[in-house]
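Beneath this line is the structure, given in structure tokens, with notes to follow.
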Amino acid sequence: MRLKVLGAYGASDAEHNLTGYLIDDWFAVDAGTLTSKLSFAQQARIQAVFITQTHADHIRFSQTAGPLTVFAAKDVMELLISNVFNGIVWPDFSTLISSLTNKPAVIYRALTPGKKVMFEGVGMTAVPVHHQIPAAGVIVEMNGQAITFTGDTGPTSEIWKRTNKTPGVVAVVTEASFPNDQQQLADDTAHLSPNTFGEELKKITVDAPVYASHRKIPYERDIESQIRNLRDRRARVLLEKNYTL
Ligand SMILES: [Zn+2]
């Protein structure tokens with residue numbers, strides 16, 4: 001699998017981008033950076049996006065992209081439709097028929113947590129995680145390989161149990177938003193610090209790199225050195241670059 005990390009931060013500026021990942025150029029996980037880091041032609045190649053949660057840093061869609069299938073866990077999808085694609089923040093794209101394809105610009109597919117669905121040969125299992133609002137990560141299976149994306153989460157467990165049982169896991173992408181000296185803030189906002197990232201690592205039994213994404217920009221150096229200090233060879237910082245897994 002080719003994993004293009006478009007954004008690996010929980011904030012953005014000229015050199016840092018919001019959460020967004022692209023697998024093999026056509027399947028996206030979270031939409032923080034789809035519009036700002038990809039050409040319009042590259043955006044047009046995206047057929048599906050899985051949204052982990054509705055906070056604004058994960059849902060910067062392009063108005064003209066499509067046809068696009070938007071996947072999310074059921075409760076996340078309800079929030080997306082009522083709070084984002086509600087005709088106020090964004091149009092309800094599912095009711096707009098594209099003049100190019102004669103199909104809706106966007107198709108919503110709500111997923112039952114824990115149940116694997118297939119789309120164009122890709123397996124997707126939404127698994128709830130622990131955030132301030134309903135949120136679900138996803139295990140993406142493609143050509144015998146799998147990547148787990150938690151999205152934003154505090155300490156959690158179900159997605160690790162599912163990951164441990166999934167064959168061919170080549171990477172886990174989770175988060176470390178705040179440095180260790182801000183543990184209280186991390187806990188209060190349902191995020192991880194390098195310390196709690198280290199605790200989560202103990203629950204993961206697969207032998208694959210576990211990446212810390214969603215770092216808050218002012219603390220990135222601290223977070224990066226604290227991840228290294230965990231002295232676990234699986235613990236990595238996710239960089240905004242292309243990975244071949
Ligand atoms: Zn976020």
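Note on naming: chains are A, B, ... as they come in the structure tokens, residues start from 1 per chain, ligands start from 1 in the order shown.
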
### Task
With only C-alpha atoms and all ligand atoms counted, collect every polymer residue having an atom within 7 Å of ligand 1; state the result as an NGL selection string.
:A and (10 or 19 or 55 or 57-58 or 152 or 214)

Which of region 126-184 of chain A counts as helix (DSSP H, G or I) under DSSP, as an mmCIF file with C-alpha atoms, in the first residue's frame please?
data_model
loop_
_atom_site.group_PDB
_atom_site.id
_atom_site.type_symbol
_atom_site.label_atom_id
_atom_site.label_comp_id
_atom_site.auth_asym_id
_atom_site.auth_seq_id
_atom_site.Cartn_x
_atom_site.Cartn_y
_atom_site.Cartn_z
ATOM 1 C CA GLU A 158 -11.763 -2.045 21.131
ATOM 2 C CA ILE A 159 -9.803 -0.915 18.084
ATOM 3 C CA TRP A 160 -6.641 -2.539 19.468
ATOM 4 C CA LYS A 161 -8.450 -5.859 20.001
ATOM 5 C CA ARG A 162 -9.671 -5.753 16.402
ATOM 6 C CA THR A 163 -6.259 -4.730 15.105
ATOM 7 C CA ASN A 164 -4.574 -7.581 16.981
ATOM 8 C CA LYS A 165 -6.925 -10.036 15.252
ATOM 9 C CA ASN A 180 3.627 14.883 28.647
ATOM 10 C CA ASP A 181 3.582 18.069 30.747
ATOM 11 C CA GLN A 182 0.063 18.714 29.434
ATOM 12 C CA GLN A 183 -1.326 15.323 30.383
ATOM 13 C CA GLN A 184 -4.336 16.877 32.114
#

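Distances from A:Leu22, A:Glu78, A:Gln132, A:Met118 to Asp188 (chain A) were compared using only C-alpha atoms, and the smallest one belongs to A:Gln132.
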
### Message
For Phe61 (chain A), find every residue with an atom within 10 Å (counting only C-alpha atoms), except residues of its own chain fewer than 3 positions away, and show them as a list in words.
### Response
Asp30, Ala31, Gly32, Thr33, Leu34, Thr35, Ser36, Gln43, His58, Thr64, Ala65 and Trp90 of chain A

Which of region 57-157 of chain A DSSP labels strand (DSSP E), written as an mmCIF file with N, CA, C and O atoms, in the first residue's frame:
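After the write, out-v7.cif holds the following:
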data_model
loop_
_atom_site.group_PDB
_atom_site.id
_atom_site.type_symbol
_atom_site.label_atom_id
_atom_site.label_comp_id
_atom_site.auth_asym_id
_atom_site.auth_seq_id
_atom_site.Cartn_x
_atom_site.Cartn_y
_atom_site.Cartn_z
ATOM 1 N N LEU A 68 -18.201 11.013 -4.933
ATOM 2 C CA LEU A 68 -17.407 10.630 -3.783
ATOM 3 C C LEU A 68 -18.312 9.885 -2.805
ATOM 4 O O LEU A 68 -19.417 10.354 -2.518
ATOM 5 N N THR A 69 -17.846 8.735 -2.322
ATOM 6 C CA THR A 69 -18.606 8.027 -1.299
ATOM 7 C C THR A 69 -17.990 8.373 0.061
ATOM 8 O O THR A 69 -16.796 8.178 0.261
ATOM 9 N N VAL A 70 -18.816 8.922 0.933
ATOM 10 C CA VAL A 70 -18.349 9.294 2.267
ATOM 11 C C VAL A 70 -18.789 8.210 3.239
ATOM 12 O O VAL A 70 -19.983 7.938 3.376
ATOM 13 N N PHE A 71 -17.805 7.588 3.888
ATOM 14 C CA PHE A 71 -18.081 6.550 4.876
ATOM 15 C C PHE A 71 -17.839 7.110 6.270
ATOM 16 O O PHE A 71 -16.906 7.886 6.492
ATOM 17 N N ALA A 72 -18.656 6.693 7.223
ATOM 18 C CA ALA A 72 -18.414 7.013 8.627
ATOM 19 C C ALA A 72 -19.260 6.047 9.446
ATOM 20 O O ALA A 72 -20.243 5.487 8.948
ATOM 21 N N ALA A 73 -18.863 5.857 10.688
ATOM 22 C CA ALA A 73 -19.704 5.061 11.582
ATOM 23 C C ALA A 73 -21.060 5.754 11.702
ATOM 24 O O ALA A 73 -21.160 6.977 11.566
ATOM 25 N N VAL A 106 -22.159 13.331 -3.925
ATOM 26 C CA VAL A 106 -21.674 12.596 -2.756
ATOM 27 C C VAL A 106 -22.700 11.547 -2.366
ATOM 28 O O VAL A 106 -23.911 11.784 -2.438
ATOM 29 N N ILE A 107 -22.213 10.378 -2.002
ATOM 30 C CA ILE A 107 -23.088 9.316 -1.487
ATOM 31 C C ILE A 107 -22.653 9.029 -0.054
ATOM 32 O O ILE A 107 -21.451 8.869 0.201
ATOM 33 N N TYR A 108 -23.584 9.024 0.883
ATOM 34 C CA TYR A 108 -23.241 8.743 2.279
ATOM 35 C C TYR A 108 -23.423 7.256 2.558
ATOM 36 O O TYR A 108 -24.449 6.679 2.201
ATOM 37 N N ARG A 109 -22.456 6.674 3.242
ATOM 38 C CA ARG A 109 -22.649 5.285 3.684
ATOM 39 C C ARG A 109 -22.291 5.168 5.152
ATOM 40 O O ARG A 109 -21.127 5.291 5.538
ATOM 41 N N ALA A 110 -23.320 4.961 5.953
ATOM 42 C CA ALA A 110 -23.139 4.816 7.399
ATOM 43 C C ALA A 110 -22.767 3.375 7.710
ATOM 44 O O ALA A 110 -23.407 2.445 7.214
ATOM 45 N N LEU A 111 -21.744 3.185 8.501
ATOM 46 C CA LEU A 111 -21.254 1.840 8.800
ATOM 47 C C LEU A 111 -21.629 1.423 10.216
ATOM 48 O O LEU A 111 -21.583 2.221 11.144
ATOM 49 N N VAL A 117 -17.155 -3.875 5.778
ATOM 50 C CA VAL A 117 -17.817 -3.707 4.487
ATOM 51 C C VAL A 117 -16.742 -3.626 3.408
ATOM 52 O O VAL A 117 -15.600 -3.261 3.671
ATOM 53 N N MET A 118 -17.133 -3.971 2.201
ATOM 54 C CA MET A 118 -16.194 -3.929 1.078
ATOM 55 C C MET A 118 -16.598 -2.800 0.141
ATOM 56 O O MET A 118 -17.782 -2.537 -0.085
ATOM 57 N N PHE A 119 -15.605 -2.113 -0.406
ATOM 58 C CA PHE A 119 -15.850 -1.078 -1.405
ATOM 59 C C PHE A 119 -14.707 -1.138 -2.410
ATOM 60 O O PHE A 119 -13.549 -0.926 -2.034
ATOM 61 N N VAL A 122 -11.740 -2.968 -1.275
ATOM 62 C CA VAL A 122 -11.129 -2.531 -0.012
ATOM 63 C C VAL A 122 -12.067 -2.881 1.142
ATOM 64 O O VAL A 122 -13.259 -2.588 1.079
ATOM 65 N N GLY A 123 -11.502 -3.532 2.169
ATOM 66 C CA GLY A 123 -12.287 -3.823 3.367
ATOM 67 C C GLY A 123 -12.165 -2.677 4.345
ATOM 68 O O GLY A 123 -11.087 -2.103 4.520
ATOM 69 N N MET A 124 -13.265 -2.341 4.977
ATOM 70 C CA MET A 124 -13.283 -1.232 5.931
ATOM 71 C C MET A 124 -14.057 -1.667 7.163
ATOM 72 O O MET A 124 -15.199 -2.098 7.041
ATOM 73 N N THR A 125 -13.448 -1.582 8.319
ATOM 74 C CA THR A 125 -14.169 -1.876 9.557
ATOM 75 C C THR A 125 -14.090 -0.648 10.448
ATOM 76 O O THR A 125 -12.997 -0.244 10.861
ATOM 77 N N ALA A 126 -15.223 -0.023 10.715
ATOM 78 C CA ALA A 126 -15.261 1.119 11.635
ATOM 79 C C ALA A 126 -15.262 0.588 13.064
ATOM 80 O O ALA A 126 -15.989 -0.363 13.368
ATOM 81 N N VAL A 127 -14.437 1.176 13.910
ATOM 82 C CA VAL A 127 -14.373 0.731 15.308
ATOM 83 C C VAL A 127 -14.378 1.976 16.200
ATOM 84 O O VAL A 127 -13.515 2.849 16.044
ATOM 85 N N PRO A 128 -15.334 2.060 17.137
ATOM 86 C CA PRO A 128 -15.413 3.248 17.983
ATOM 87 C C PRO A 128 -14.136 3.462 18.801
ATOM 88 O O PRO A 128 -13.490 2.508 19.235
ATOM 89 N N ALA A 136 -15.067 7.197 15.430
ATOM 90 C CA ALA A 136 -14.696 5.811 15.132
ATOM 91 C C ALA A 136 -13.526 5.807 14.182
ATOM 92 O O ALA A 136 -13.540 6.504 13.164
ATOM 93 N N GLY A 137 -12.507 5.038 14.524
ATOM 94 C CA GLY A 137 -11.398 4.816 13.619
ATOM 95 C C GLY A 137 -11.791 3.776 12.594
ATOM 96 O O GLY A 137 -12.936 3.313 12.554
ATOM 97 N N VAL A 138 -10.821 3.394 11.776
ATOM 98 C CA VAL A 138 -11.130 2.425 10.723
ATOM 99 C C VAL A 138 -9.925 1.516 10.489
ATOM 100 O O VAL A 138 -8.780 1.966 10.556
ATOM 101 N N ILE A 139 -10.221 0.258 10.250
ATOM 102 C CA ILE A 139 -9.194 -0.684 9.804
ATOM 103 C C ILE A 139 -9.421 -0.885 8.311
ATOM 104 O O ILE A 139 -10.492 -1.321 7.898
ATOM 105 N N VAL A 140 -8.423 -0.493 7.520
ATOM 106 C CA VAL A 140 -8.524 -0.562 6.063
ATOM 107 C C VAL A 140 -7.719 -1.763 5.589
ATOM 108 O O VAL A 140 -6.531 -1.884 5.920
ATOM 109 N N GLU A 141 -8.351 -2.664 4.849
ATOM 110 C CA GLU A 141 -7.666 -3.851 4.328
ATOM 111 C C GLU A 141 -7.667 -3.805 2.803
ATOM 112 O O GLU A 141 -8.717 -3.624 2.190
ATOM 113 N N MET A 142 -6.469 -3.949 2.244
ATOM 114 C CA MET A 142 -6.309 -3.815 0.796
ATOM 115 C C MET A 142 -5.190 -4.755 0.354
ATOM 116 O O MET A 142 -4.095 -4.708 0.928
ATOM 117 N N GLN A 145 -2.960 -6.456 2.915
ATOM 118 C CA GLN A 145 -2.329 -5.622 3.935
ATOM 119 C C GLN A 145 -3.406 -4.801 4.652
ATOM 120 O O GLN A 145 -4.468 -4.548 4.090
ATOM 121 N N ALA A 146 -3.100 -4.398 5.872
ATOM 122 C CA ALA A 146 -4.084 -3.618 6.627
ATOM 123 C C ALA A 146 -3.403 -2.464 7.358
ATOM 124 O O ALA A 146 -2.247 -2.581 7.787
ATOM 125 N N ILE A 147 -4.114 -1.345 7.436
ATOM 126 C CA ILE A 147 -3.663 -0.216 8.248
ATOM 127 C C ILE A 147 -4.808 0.179 9.170
ATOM 128 O O ILE A 147 -5.959 0.280 8.733
ATOM 129 N N THR A 148 -4.490 0.400 10.438
ATOM 130 C CA THR A 148 -5.473 0.901 11.390
ATOM 131 C C THR A 148 -5.266 2.399 11.576
ATOM 132 O O THR A 148 -4.148 2.845 11.839
ATOM 133 N N PHE A 149 -6.341 3.161 11.417
ATOM 134 C CA PHE A 149 -6.331 4.597 11.701
ATOM 135 C C PHE A 149 -7.292 4.836 12.863
ATOM 136 O O PHE A 149 -8.486 4.562 12.731
#

### Message
I want to know what sits within 9 Å of region 230-241 of chain A, based on only C-alpha atoms, with residues of the same chain fewer than 5 positions away left out; could you give that as JSON, numbers by chain?
### Response
{"A": [3, 4, 5, 6, 7, 8, 16, 17, 173, 175, 176, 194, 195, 197, 198, 201, 207, 208, 209, 210, 211, 212, 213, 214, 223, 224, 225]}

### Task
Would you work out the distance separating CA of Pro113 (chain A) from CA of Gly151 (chain A), expressed in Å to one decimal?
14.7 Å
